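Text of my_file_35.txt, listed as compact mmCIF, C-alpha atoms and all ligand atoms:
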```
# COMPACT_ATOMS: atom_id res chain seq x y z
CA MET A 1 -29.31 33.13 -2.93
CA THR A 2 -26.32 35.41 -3.61
CA SER A 3 -25.00 35.95 -7.14
CA SER A 4 -21.89 33.83 -6.45
CA GLN A 5 -24.12 30.88 -5.52
CA LYS A 6 -25.88 31.00 -8.90
CA ARG A 7 -22.71 29.51 -10.39
CA PRO A 8 -22.41 25.70 -10.46
CA LEU A 9 -20.99 24.26 -7.25
CA THR A 10 -19.07 20.97 -7.36
CA LEU A 11 -18.75 18.96 -4.15
CA PRO A 12 -17.08 15.60 -3.40
CA ALA A 13 -18.83 12.50 -2.02
CA PRO A 14 -15.99 10.49 -0.45
CA ALA A 15 -15.96 6.77 0.41
CA LYS A 16 -15.60 5.27 3.90
CA LEU A 17 -14.04 2.19 5.41
CA ASN A 18 -15.43 0.38 8.45
CA LEU A 19 -12.16 -0.21 10.35
CA PHE A 20 -14.11 -2.77 12.38
CA LEU A 21 -17.79 -3.73 12.60
CA HIS A 22 -19.52 -5.44 15.53
CA ILE A 23 -23.22 -6.15 16.08
CA THR A 24 -24.28 -5.72 19.71
CA GLY A 25 -27.98 -6.56 19.36
CA ARG A 26 -31.08 -6.85 17.22
CA ARG A 27 -33.76 -4.15 17.46
CA ASN A 28 -37.53 -4.39 17.18
CA ASP A 29 -37.61 -2.28 13.98
CA GLY A 30 -35.72 -4.91 11.94
CA TYR A 31 -32.39 -3.07 12.23
CA HIS A 32 -29.33 -4.04 14.28
CA ASP A 33 -27.33 -2.09 16.84
CA LEU A 34 -23.76 -1.75 15.65
CA GLU A 35 -20.37 -0.62 16.83
CA THR A 36 -18.02 0.53 14.12
CA VAL A 37 -15.27 3.03 13.37
CA PHE A 38 -15.85 4.94 10.15
CA GLN A 39 -12.82 6.43 8.45
CA PHE A 40 -13.02 8.41 5.20
CA ILE A 41 -10.71 7.63 2.29
CA ASN A 42 -9.54 9.79 -0.60
CA ILE A 43 -11.58 8.30 -3.45
CA GLU A 44 -14.86 9.98 -4.26
CA ASP A 45 -17.81 10.61 -6.54
CA THR A 46 -18.56 14.24 -7.41
CA LEU A 47 -21.84 16.14 -7.57
CA THR A 48 -22.36 19.45 -9.39
CA PHE A 49 -25.28 21.66 -8.35
CA GLU A 50 -26.70 24.23 -10.83
CA PRO A 51 -29.70 26.33 -9.75
CA LEU A 52 -32.66 26.19 -12.16
CA ALA A 53 -35.24 28.89 -12.80
CA GLU A 54 -38.08 26.35 -12.30
CA GLN A 55 -38.94 24.63 -9.01
CA ARG A 56 -37.84 21.11 -9.92
CA ILE A 57 -35.03 18.69 -9.18
CA GLU A 58 -33.26 17.34 -12.25
CA LEU A 59 -30.69 14.54 -11.92
CA VAL A 60 -28.08 14.00 -14.60
CA ASP A 61 -26.48 10.67 -13.79
CA THR A 62 -23.42 9.63 -15.75
CA ASP A 63 -24.11 6.04 -14.61
CA SER A 64 -27.42 5.12 -16.22
CA ALA A 65 -27.56 1.75 -14.36
CA ILE A 66 -29.64 3.30 -11.54
CA ALA A 67 -33.16 4.58 -12.35
CA VAL A 68 -33.49 8.29 -11.45
CA ALA A 69 -36.38 7.70 -9.01
CA ASP A 70 -34.30 5.06 -7.14
CA ASN A 71 -31.11 7.10 -7.06
CA LEU A 72 -30.29 8.16 -3.51
CA VAL A 73 -29.30 11.61 -4.86
CA PHE A 74 -32.78 12.20 -6.27
CA ARG A 75 -34.46 10.72 -3.18
CA ALA A 76 -32.36 12.89 -0.84
CA ALA A 77 -33.09 16.04 -2.87
CA GLN A 78 -36.86 15.34 -2.95
CA ARG A 79 -36.81 14.64 0.79
CA LEU A 80 -35.17 18.02 1.48
CA VAL A 81 -37.67 19.79 -0.79
CA THR A 82 -40.52 18.18 1.22
CA GLU A 83 -38.88 19.29 4.47
CA CYS A 84 -38.59 22.89 3.17
CA GLN A 85 -42.24 22.83 2.03
CA HIS A 86 -43.41 21.65 5.47
CA THR A 87 -41.38 24.29 7.29
CA GLN A 88 -42.16 26.96 4.63
CA LYS A 89 -38.46 27.59 3.98
CA PRO A 90 -37.37 28.95 0.57
CA HIS A 91 -35.71 26.59 -1.89
CA THR A 92 -35.00 26.72 -5.62
CA GLY A 93 -34.94 24.18 -8.43
CA MET A 94 -31.62 22.43 -9.03
CA ARG A 95 -29.88 20.38 -11.69
CA ILE A 96 -27.59 17.86 -9.98
CA THR A 97 -24.98 16.09 -12.07
CA LEU A 98 -23.59 12.94 -10.47
CA THR A 99 -20.24 11.59 -11.64
CA LYS A 100 -19.75 8.08 -10.24
CA ARG A 101 -16.25 6.81 -9.61
CA LEU A 102 -16.87 4.65 -6.54
CA PRO A 103 -17.73 1.01 -7.10
CA GLN A 104 -21.26 -0.01 -6.08
CA GLY A 105 -22.21 -2.74 -3.63
CA ALA A 106 -18.71 -2.30 -2.31
CA GLY A 107 -19.13 -1.53 1.40
CA LEU A 108 -17.57 1.87 0.66
CA GLY A 109 -20.87 3.72 1.16
CA GLY A 110 -20.87 5.37 -2.29
CA GLY A 111 -24.63 5.76 -2.65
CA SER A 112 -24.93 6.88 0.98
CA SER A 113 -22.19 9.48 0.49
CA ASP A 114 -23.90 10.79 -2.66
CA ALA A 115 -27.10 11.20 -0.62
CA ALA A 116 -25.25 13.04 2.17
CA THR A 117 -23.50 15.40 -0.27
CA THR A 118 -26.92 16.14 -1.78
CA LEU A 119 -28.41 16.99 1.65
CA VAL A 120 -25.43 19.07 2.77
CA GLY A 121 -24.92 20.72 -0.64
CA LEU A 122 -28.58 21.75 -1.08
CA ASN A 123 -28.82 22.90 2.54
CA HIS A 124 -25.76 25.09 1.92
CA LEU A 125 -27.12 26.51 -1.37
CA TRP A 126 -30.58 27.15 0.12
CA GLN A 127 -29.07 29.13 3.06
CA GLN A 128 -29.32 26.39 5.74
CA PRO A 129 -33.11 25.85 5.99
CA VAL A 130 -32.51 22.68 8.05
CA GLU A 131 -30.50 22.55 11.29
CA THR A 132 -27.81 19.84 11.55
CA PRO A 133 -29.64 17.57 14.07
CA ARG A 134 -32.69 17.43 11.78
CA LEU A 135 -30.45 16.89 8.72
CA LEU A 136 -28.90 13.89 10.52
CA GLN A 137 -32.41 12.46 11.19
CA ILE A 138 -33.37 12.84 7.53
CA ALA A 139 -30.06 11.21 6.59
CA ALA A 140 -30.80 8.16 8.79
CA GLU A 141 -34.22 7.76 7.15
CA LEU A 142 -32.49 7.50 3.77
CA GLY A 143 -30.05 4.80 4.96
CA ALA A 144 -28.01 3.77 7.99
CA ASP A 145 -24.74 4.83 6.33
CA VAL A 146 -25.88 8.33 5.30
CA PRO A 147 -25.48 10.18 8.67
CA ILE A 148 -21.70 9.59 8.96
CA PHE A 149 -21.18 11.39 5.65
CA VAL A 150 -23.25 14.36 6.91
CA HIS A 151 -21.23 14.28 10.14
CA GLY A 152 -17.99 14.34 8.14
CA HIS A 153 -15.46 13.32 10.82
CA SER A 154 -14.05 9.86 11.58
CA ALA A 155 -16.10 8.47 14.42
CA PHE A 156 -16.79 5.52 16.65
CA ALA A 157 -20.45 4.89 15.86
CA THR A 158 -23.20 3.13 17.77
CA GLY A 159 -26.99 2.84 17.27
CA ILE A 160 -27.70 1.82 13.66
CA GLY A 161 -24.41 3.56 12.86
CA ASP A 162 -25.81 7.05 13.49
CA GLN A 163 -24.57 8.01 17.01
CA PHE A 164 -21.04 9.38 16.94
CA VAL A 165 -18.02 9.90 19.18
CA ASP A 166 -15.24 11.49 17.10
CA VAL A 167 -11.97 9.54 16.96
CA GLU A 168 -8.66 10.12 15.15
CA PRO A 169 -7.48 6.76 13.80
CA GLU A 170 -3.99 6.66 12.24
CA GLN A 171 -4.22 7.77 8.61
CA HIS A 172 -2.76 4.58 7.10
CA TYR A 173 -2.56 3.77 3.42
CA TYR A 174 -4.84 0.96 2.27
CA LEU A 175 -5.08 -1.26 -0.77
CA VAL A 176 -8.83 -1.56 -1.38
CA VAL A 177 -9.88 -4.45 -3.62
CA LYS A 178 -13.36 -4.95 -5.11
CA PRO A 179 -14.03 -8.66 -5.79
CA GLN A 180 -16.40 -9.29 -8.70
CA VAL A 181 -19.32 -10.48 -6.59
CA ASN A 182 -22.63 -8.87 -5.67
CA ILE A 183 -23.56 -9.05 -2.00
CA SER A 184 -26.94 -8.01 -0.57
CA THR A 185 -26.63 -5.99 2.67
CA ALA A 186 -30.15 -7.00 3.83
CA ALA A 187 -29.48 -10.72 3.16
CA LEU A 188 -26.22 -10.65 5.14
CA PHE A 189 -27.87 -8.93 8.13
CA ALA A 190 -30.48 -11.76 8.02
CA ASP A 191 -27.86 -14.59 7.86
CA ALA A 192 -28.33 -17.21 10.60
CA ASP A 193 -24.53 -17.55 11.13
CA LEU A 194 -24.04 -13.85 11.91
CA LYS A 195 -22.60 -13.05 15.35
CA ARG A 196 -25.03 -10.58 16.94
CA ASP A 197 -23.89 -10.56 20.57
CA CYS A 198 -20.59 -8.68 20.58
CA LYS A 199 -19.72 -7.15 23.95
CA PRO A 200 -19.89 -3.33 23.75
CA LEU A 201 -16.47 -1.63 23.70
CA PRO A 202 -15.80 1.85 25.11
CA PRO A 203 -14.78 4.07 22.15
CA SER A 204 -11.29 4.66 23.57
CA GLN A 205 -10.59 0.93 23.80
CA TRP A 206 -11.01 -0.24 20.25
CA HIS A 207 -7.95 -1.30 18.28
CA TRP A 208 -7.40 -3.61 15.33
CA GLN A 209 -6.41 -6.63 17.45
CA ASN A 210 -9.48 -6.68 19.74
CA THR A 211 -12.01 -6.13 16.94
CA THR A 212 -13.26 -7.82 13.77
CA ASN A 213 -15.87 -7.36 11.06
CA VAL A 214 -18.61 -9.85 11.99
CA PHE A 215 -19.69 -10.08 8.34
CA GLU A 216 -16.25 -11.26 7.24
CA SER A 217 -16.56 -14.94 8.24
CA VAL A 218 -20.04 -15.16 6.65
CA VAL A 219 -18.88 -13.54 3.39
CA LEU A 220 -15.69 -15.65 3.17
CA LYS A 221 -17.75 -18.82 3.67
CA GLN A 222 -20.35 -17.91 1.04
CA TYR A 223 -18.01 -16.42 -1.58
CA PRO A 224 -14.88 -18.52 -2.31
CA ALA A 225 -13.54 -15.82 -4.66
CA VAL A 226 -13.50 -13.33 -1.76
CA ALA A 227 -11.90 -15.92 0.55
CA LYS A 228 -9.11 -16.52 -2.01
CA LEU A 229 -8.41 -12.79 -2.35
CA HIS A 230 -8.47 -12.38 1.43
CA ALA A 231 -5.84 -15.14 1.82
CA GLN A 232 -3.61 -13.52 -0.84
CA LEU A 233 -3.90 -10.05 0.71
CA LEU A 234 -3.11 -11.34 4.21
CA ASN A 235 0.43 -12.09 2.98
CA TYR A 236 0.94 -8.33 2.61
CA GLY A 237 -0.65 -6.97 5.79
CA PRO A 238 -3.69 -6.88 8.09
CA THR A 239 -6.75 -7.35 5.86
CA ARG A 240 -10.42 -6.83 6.60
CA LEU A 241 -13.85 -6.59 4.92
CA THR A 242 -15.52 -3.14 4.90
CA GLY A 243 -19.25 -2.92 5.69
CA THR A 244 -21.03 -5.97 4.29
CA GLY A 245 -18.46 -6.12 1.48
CA ALA A 246 -17.67 -6.89 -1.14
CA CYS A 247 -14.46 -4.80 -0.76
CA LEU A 248 -11.47 -5.98 1.25
CA PHE A 249 -8.80 -3.56 2.45
CA THR A 250 -5.19 -4.22 3.47
CA ARG A 251 -3.34 -1.77 5.72
CA PHE A 252 0.13 -0.45 4.82
CA ALA A 253 2.56 1.85 6.61
CA ASN A 254 3.26 3.83 3.45
CA GLN A 255 2.00 4.41 -0.08
CA GLN A 256 4.97 2.74 -1.82
CA GLN A 257 4.33 -0.61 -0.11
CA ALA A 258 0.65 -0.47 -1.05
CA ILE A 259 1.49 0.31 -4.69
CA ALA A 260 4.09 -2.51 -4.76
CA ALA A 261 1.54 -5.03 -3.46
CA GLN A 262 -1.03 -3.82 -6.00
CA ALA A 263 1.52 -4.32 -8.80
CA GLN A 264 2.55 -7.81 -7.64
CA LEU A 265 -0.95 -9.19 -7.22
CA SER A 266 -3.19 -9.97 -10.14
CA LEU A 267 -6.21 -8.09 -8.81
CA PRO A 268 -9.68 -7.22 -10.08
CA GLU A 269 -10.65 -3.56 -9.49
CA SER A 270 -8.33 -2.02 -6.85
CA TYR A 271 -7.41 1.36 -5.36
CA VAL A 272 -4.48 2.62 -3.23
CA VAL A 273 -6.02 5.12 -0.81
CA GLN A 274 -5.19 7.07 2.34
CA GLY A 275 -7.35 7.27 5.48
CA GLN A 276 -8.68 10.77 6.24
CA ASN A 277 -10.18 11.88 9.53
CA ARG A 278 -12.12 14.84 8.10
CA SER A 279 -14.16 14.08 4.99
CA SER A 280 -13.31 15.86 1.74
CA LEU A 281 -16.91 17.22 1.74
CA ILE A 282 -16.43 19.03 5.05
CA ARG A 283 -12.95 20.22 4.05
CA THR A 284 -14.32 21.64 0.77
CA LEU A 285 -17.27 23.38 2.44
CA THR A 286 -15.09 25.07 5.05
CA GLN A 287 -13.03 26.59 2.20
CA ILE A 288 -16.08 28.11 0.44
C1 LIG B 301 -23.08 -2.42 6.96
C2 LIG B 301 -22.94 -0.91 6.91
O1 LIG B 301 -22.49 -0.50 5.62
C3 LIG B 301 -21.92 -0.46 7.95
O2 LIG B 301 -21.46 0.83 7.74
C4 LIG B 301 -24.28 -0.25 7.15
O3 LIG B 301 -24.79 -0.63 8.40
C5 LIG B 301 -25.29 -0.51 6.04
O4 LIG B 301 -25.90 0.70 5.81
P1 LIG B 301 -26.84 0.95 4.53
O5 LIG B 301 -26.28 0.26 3.32
O6 LIG B 301 -27.09 2.42 4.48
O7 LIG B 301 -28.11 0.15 4.99
P2 LIG B 301 -29.66 0.48 4.83
O8 LIG B 301 -29.94 0.77 3.39
O9 LIG B 301 -30.10 1.46 5.87
O10 LIG B 301 -30.26 -0.95 5.24
C6 LIG B 301 -30.27 -2.07 4.39
C7 LIG B 301 -30.74 -3.25 5.23
O11 LIG B 301 -29.66 -3.68 6.11
C8 LIG B 301 -30.15 -4.04 7.39
N1 LIG B 301 -29.51 -3.20 8.43
C9 LIG B 301 -28.81 -2.08 8.08
C10 LIG B 301 -28.17 -1.34 9.07
C11 LIG B 301 -28.31 -1.76 10.42
N2 LIG B 301 -27.73 -1.05 11.43
N3 LIG B 301 -29.02 -2.86 10.73
C12 LIG B 301 -29.61 -3.60 9.76
O12 LIG B 301 -30.22 -4.61 10.06
C13 LIG B 301 -31.66 -3.89 7.34
O13 LIG B 301 -32.19 -5.15 6.99
C14 LIG B 301 -31.87 -2.92 6.18
O14 LIG B 301 -33.11 -3.12 5.56
N1 LIG B 302 -26.18 7.33 -6.20
C1 LIG B 302 -26.06 6.01 -5.99
N2 LIG B 302 -24.85 5.43 -6.09
C2 LIG B 302 -24.70 4.10 -5.85
N3 LIG B 302 -25.69 3.29 -5.53
C3 LIG B 302 -26.93 3.80 -5.42
C4 LIG B 302 -27.15 5.19 -5.65
N4 LIG B 302 -28.44 5.41 -5.47
C5 LIG B 302 -29.00 4.24 -5.17
N5 LIG B 302 -28.11 3.25 -5.14
C6 LIG B 302 -28.37 1.84 -4.81
O1 LIG B 302 -27.80 1.58 -3.53
C7 LIG B 302 -27.17 0.31 -3.51
C8 LIG B 302 -25.94 0.39 -2.60
O2 LIG B 302 -24.98 1.13 -3.24
P1 LIG B 302 -23.66 1.65 -2.52
O3 LIG B 302 -22.68 2.06 -3.57
O4 LIG B 302 -24.00 2.68 -1.50
O5 LIG B 302 -23.20 0.30 -1.84
P2 LIG B 302 -22.19 0.06 -0.73
O6 LIG B 302 -20.86 0.59 -1.11
O7 LIG B 302 -22.29 -1.40 -0.40
O8 LIG B 302 -22.72 0.92 0.47
P3 LIG B 302 -22.93 0.58 1.99
O9 LIG B 302 -21.56 0.49 2.58
O10 LIG B 302 -23.72 1.80 2.43
O11 LIG B 302 -23.73 -0.70 2.06
C9 LIG B 302 -26.84 -0.04 -4.95
O12 LIG B 302 -27.18 -1.37 -5.18
C10 LIG B 302 -27.70 0.90 -5.80
O13 LIG B 302 -28.71 0.19 -6.48
```
Once more with this new file: its structure as structure tokens, please.
Ligand SMILES: C[C@](O)(CO)[C@H](O)COP(=O)(O)OP(=O)(O)OC[C@H]1O[C@@H](n2ccc(N)nc2=O)[C@H](O)[C@@H]1O
Ligand SMILES: Nc1ncnc2c1ncn2[C@@H]1O[C@H](COP(=O)(O)OP(=O)(O)OP(=O)(O)O)[C@@H](O)[C@H]1O
Amino acid sequence: MTSSQKRPLTLPAPAKLNLFLHITGRRNDGYHDLETVFQFINIEDTLTFEPLAEQRIELVDTDSAIAVADNLVFRAAQRLVTECQHTQKPHTGMRITLTKRLPQGAGLGGGSSDAATTLVGLNHLWQQPVETPRLLQIAAELGADVPIFVHGHSAFATGIGDQFVDVEPEQHYYLVVKPQVNISTAALFADADLKRDCKPLPPSQWHWQNTTNVFESVVLKQYPAVAKLHAQLLNYGPTRLTGTGACLFTRFANQQQAIAAQAQLSLPESYVVQGQNRSSLIRTLTQI
């Protein structure tokens, strides 16, 4: 480790939207094959990495709601330590301070992005002990949404959401609204009403009009509060669920229109954001 890398390093963990989300089949391992377009947005958690003299991982979490051992940051860091031990690559102890800003259970991938920033950040600080293809495998073991944040570019994804063809969707503004409901990802994937037989689309042929989020109809049926918000937002522009929810996002041509809609509506938690085709993590790392 060079002397400059002994200083604390702060890296972003941005959120994503699923611009659409189809299920093309059910697999034998309990997971589903998906088709989705991931686009990053400019709201993020941050993680600060400070090397420690001792060989241990310490997590300082400003959101005490998640037990340290369950936190995806801690699990990702421990997983990378194990990988370095197996391959006899050098690594040092680290204090990681997580500052949460992204809502949880939102379909914005906050926990997954925190895990990816941990993998990428530690791999950077430890002088790249793990090659990118292996880092992507480790990411997928931590959660289906983690690999896209390691990849760091908007992509049409297949597999469990871990096989990528880069795309450049228009960088619209979105009003992202978090309804006050808690939705279980695993329960929604198990729902009997879920459409699981979408016809595969070539990556170049997806657009808003010929796609949907297959979870949307299930969520709107089960959660009247989300259905009501969805109906209100539709008056302002195309509106869709991200991931398995709970967040809805409405597309706008410019920031002013999104801010005006946010001001007119009496919303729970909401954010005006811009789509980004390179993640803030990758943009930050290329500047270091
Ligand atoms: C819905 C999405 O957010 C779309 O981006 C992701 O597919 C969900 O990714 P995630 O939250 O990282 O999900 P994981 O923690 O890996 O999986 C939670 C549960 O969702 C189900 N699951 C998840 C992803 C997938 N492709 N098929 C599934 O069936 C499985 O039952 C799994 O046990
Ligand atoms: N660092 C973390 N930040 C947020 N959630 C975490 C974290 N570590 C573990 N979790 C757990 O992961 C669950 C999912 O959180 P997350 O914020 O990633 O949801 P999400 O936005 O719905 O993500 P996804 O789109 O991947 O389903 C939470 O219920 C939480 O208990």
Exercise: Pro14 in chain A partners within 8 Å, all atoms listed in the file, chain neighbours under 3 positions left out, as a PDB file with C-alpha atoms, in the frame of the given file:
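For reference, out-v6.pdb as written:
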```pdb
ATOM      1  CA  PHE A  40     -13.020   8.410   5.200  1.00  0.00           C
ATOM      2  CA  ILE A  41     -10.710   7.630   2.290  1.00  0.00           C
ATOM      3  CA  ASN A  42      -9.540   9.790  -0.600  1.00  0.00           C
ATOM      4  CA  ILE A  43     -11.580   8.300  -3.450  1.00  0.00           C
ATOM      5  CA  GLU A  44     -14.860   9.980  -4.260  1.00  0.00           C
ATOM      6  CA  ASP A  45     -17.810  10.610  -6.540  1.00  0.00           C
ATOM      7  CA  GLY A 110     -20.870   5.370  -2.290  1.00  0.00           C
ATOM      8  CA  SER A 113     -22.190   9.480   0.490  1.00  0.00           C
ATOM      9  CA  SER A 279     -14.160  14.080   4.990  1.00  0.00           C
ATOM     10  CA  SER A 280     -13.310  15.860   1.740  1.00  0.00           C
ATOM     11  CA  LEU A 281     -16.910  17.220   1.740  1.00  0.00           C
TER      12      LEU A 281
END
```
Each residue of chain A with at least one atom at most 8 Å from ligand LIG 302 (chain B) should appear once, together with its nearest atom pair and the corresponding distance in Å (one decimal); atoms considered: all atoms listed in the file; ordering: chain, then increasing residue number; output as JSON lines.
```
{"residue": "A:Lys16", "atom": "CA", "partner": "B:LIG302", "partner_atom": "O9", "distance": 7.8}
{"residue": "A:Ile66", "atom": "CA", "partner": "B:LIG302", "partner_atom": "O13", "distance": 6.0}
{"residue": "A:Asp70", "atom": "CA", "partner": "B:LIG302", "partner_atom": "C5", "distance": 5.7}
{"residue": "A:Asn71", "atom": "CA", "partner": "B:LIG302", "partner_atom": "N4", "distance": 3.5}
{"residue": "A:Leu72", "atom": "CA", "partner": "B:LIG302", "partner_atom": "N4", "distance": 3.9}
{"residue": "A:Val73", "atom": "CA", "partner": "B:LIG302", "partner_atom": "N1", "distance": 5.5}
{"residue": "A:Leu98", "atom": "CA", "partner": "B:LIG302", "partner_atom": "N1", "distance": 7.5}
{"residue": "A:Lys100", "atom": "CA", "partner": "B:LIG302", "partner_atom": "N2", "distance": 7.1}
{"residue": "A:Leu102", "atom": "CA", "partner": "B:LIG302", "partner_atom": "O3", "distance": 7.0}
{"residue": "A:Pro103", "atom": "CA", "partner": "B:LIG302", "partner_atom": "O3", "distance": 6.2}
{"residue": "A:Gln104", "atom": "CA", "partner": "B:LIG302", "partner_atom": "O3", "distance": 3.5}
{"residue": "A:Gly105", "atom": "CA", "partner": "B:LIG302", "partner_atom": "O7", "distance": 3.5}
{"residue": "A:Ala106", "atom": "CA", "partner": "B:LIG302", "partner_atom": "O6", "distance": 3.8}
{"residue": "A:Gly107", "atom": "CA", "partner": "B:LIG302", "partner_atom": "O9", "distance": 3.4}
{"residue": "A:Leu108", "atom": "CA", "partner": "B:LIG302", "partner_atom": "O6", "distance": 3.9}
{"residue": "A:Gly109", "atom": "CA", "partner": "B:LIG302", "partner_atom": "O8", "distance": 3.4}
{"residue": "A:Gly110", "atom": "CA", "partner": "B:LIG302", "partner_atom": "O3", "distance": 4.0}
{"residue": "A:Gly111", "atom": "CA", "partner": "B:LIG302", "partner_atom": "O4", "distance": 3.3}
{"residue": "A:Ser112", "atom": "CA", "partner": "B:LIG302", "partner_atom": "O4", "distance": 5.0}
{"residue": "A:Ser113", "atom": "CA", "partner": "B:LIG302", "partner_atom": "O4", "distance": 7.3}
{"residue": "A:Asp114", "atom": "CA", "partner": "B:LIG302", "partner_atom": "N1", "distance": 5.4}
{"residue": "A:Ala115", "atom": "CA", "partner": "B:LIG302", "partner_atom": "N1", "distance": 6.9}
{"residue": "A:Gly143", "atom": "CA", "partner": "B:LIG302", "partner_atom": "O10", "distance": 7.4}
{"residue": "A:Ala144", "atom": "CA", "partner": "B:LIG302", "partner_atom": "O10", "distance": 7.3}
{"residue": "A:Asp145", "atom": "CA", "partner": "B:LIG302", "partner_atom": "O10", "distance": 5.0}
{"residue": "A:Val146", "atom": "CA", "partner": "B:LIG302", "partner_atom": "O10", "distance": 7.5}
{"residue": "A:Ile183", "atom": "CA", "partner": "B:LIG302", "partner_atom": "O7", "distance": 7.9}
{"residue": "A:Thr185", "atom": "CA", "partner": "B:LIG302", "partner_atom": "O11", "distance": 6.1}
{"residue": "A:Thr242", "atom": "CA", "partner": "B:LIG302", "partner_atom": "O9", "distance": 7.4}
{"residue": "A:Gly243", "atom": "CA", "partner": "B:LIG302", "partner_atom": "O9", "distance": 5.2}
{"residue": "A:Thr244", "atom": "CA", "partner": "B:LIG302", "partner_atom": "O11", "distance": 6.3}
{"residue": "A:Gly245", "atom": "CA", "partner": "B:LIG302", "partner_atom": "O7", "distance": 6.4}
{"residue": "A:Ala246", "atom": "CA", "partner": "B:LIG302", "partner_atom": "O7", "distance": 7.2}
```
Margin query: From the options A:Gln85, A:Asn28, A:Thr10, A:Thr239, which residue's atoms come nearest to ligand LIG 301 (chain B), counting only C-alpha atoms and all ligand atoms?
Written below: A:Asn28
Note to self: Counting only C-alpha atoms, find residues at most 12 Å from (-39.5, 16.5, 0.9) (file frame) and give them as number ranges by chain.
What the structure shows: A: 56-57, 74-89, 91, 119, 130, 135, 138, 141-142
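With distances restricted to all atoms listed in the file, A:Thr36 is the closest residue to Asn18 in chain A from A:Thr36, A:Gln256, A:Thr250, A:Asn182.
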Next item on the list: For CA of Arg101 in chain A and CA of Pro179 in chain A, quote the distance in Å rounded to one decimal.
Entry: 16.1 Å
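CA of Trp126 in chain A sits 10.9 Å away from CA of Lys6 in chain A.
Our summary of the geometry notes that CA of Asn235 in chain A is positioned 29.4 Å from atom O5 of ligand LIG 301 (chain B).
Closest to Thr284 in chain A among A:Thr62, A:Gln128, A:Asn210, A:Thr46 is A:Thr46, based on all atoms listed in the file.
The smallest atom-to-atom distance between ligand LIG 301 (chain B) and any of A:Cys247, A:Leu201, A:Leu52, A:Ala187, using all atoms listed in the file, is found for A:Ala187.
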Could the centre and edge lengths of an axis-aligned box, enclosing all atoms of range 268-278 of chain A in the file with 6 Å extra on each side, be given in Å to one decimal as JSON?
```
{"center_x": -8.3, "center_y": 3.8, "center_z": -0.3, "size_x": 19.6, "size_y": 34.1, "size_z": 31.6}
```
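Taking all atoms listed in the file into account, ligand LIG 301 (chain B) lies nearest to A:Leu34 out of the set A:Ala53, A:Leu47, A:Leu34, A:Ala15.
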Next item on the list: Mind checking which residues fall within 6 Å of range 93-96 of chain A, counting all atoms listed in the file, ignoring those fewer than 5 positions away in the same chain, and posting them as a PyMOL selection string?
Entry: chain A and resi 48-52+54-59
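Using all atoms listed in the file, the smallest distance between any of A:Gln171, A:Ser64, A:Gln163, A:Ser184 and Leu136 in chain A comes from A:Gln163.
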Next item on the list: Can you pull out every residue within 7 Å of Asp162 in chain A, counting only C-alpha atoms, but drop anything in the same chain fewer than 5 positions away, and send it as JSON, numbers by chain?
Entry: {"A": [140, 144, 147, 148, 157]}
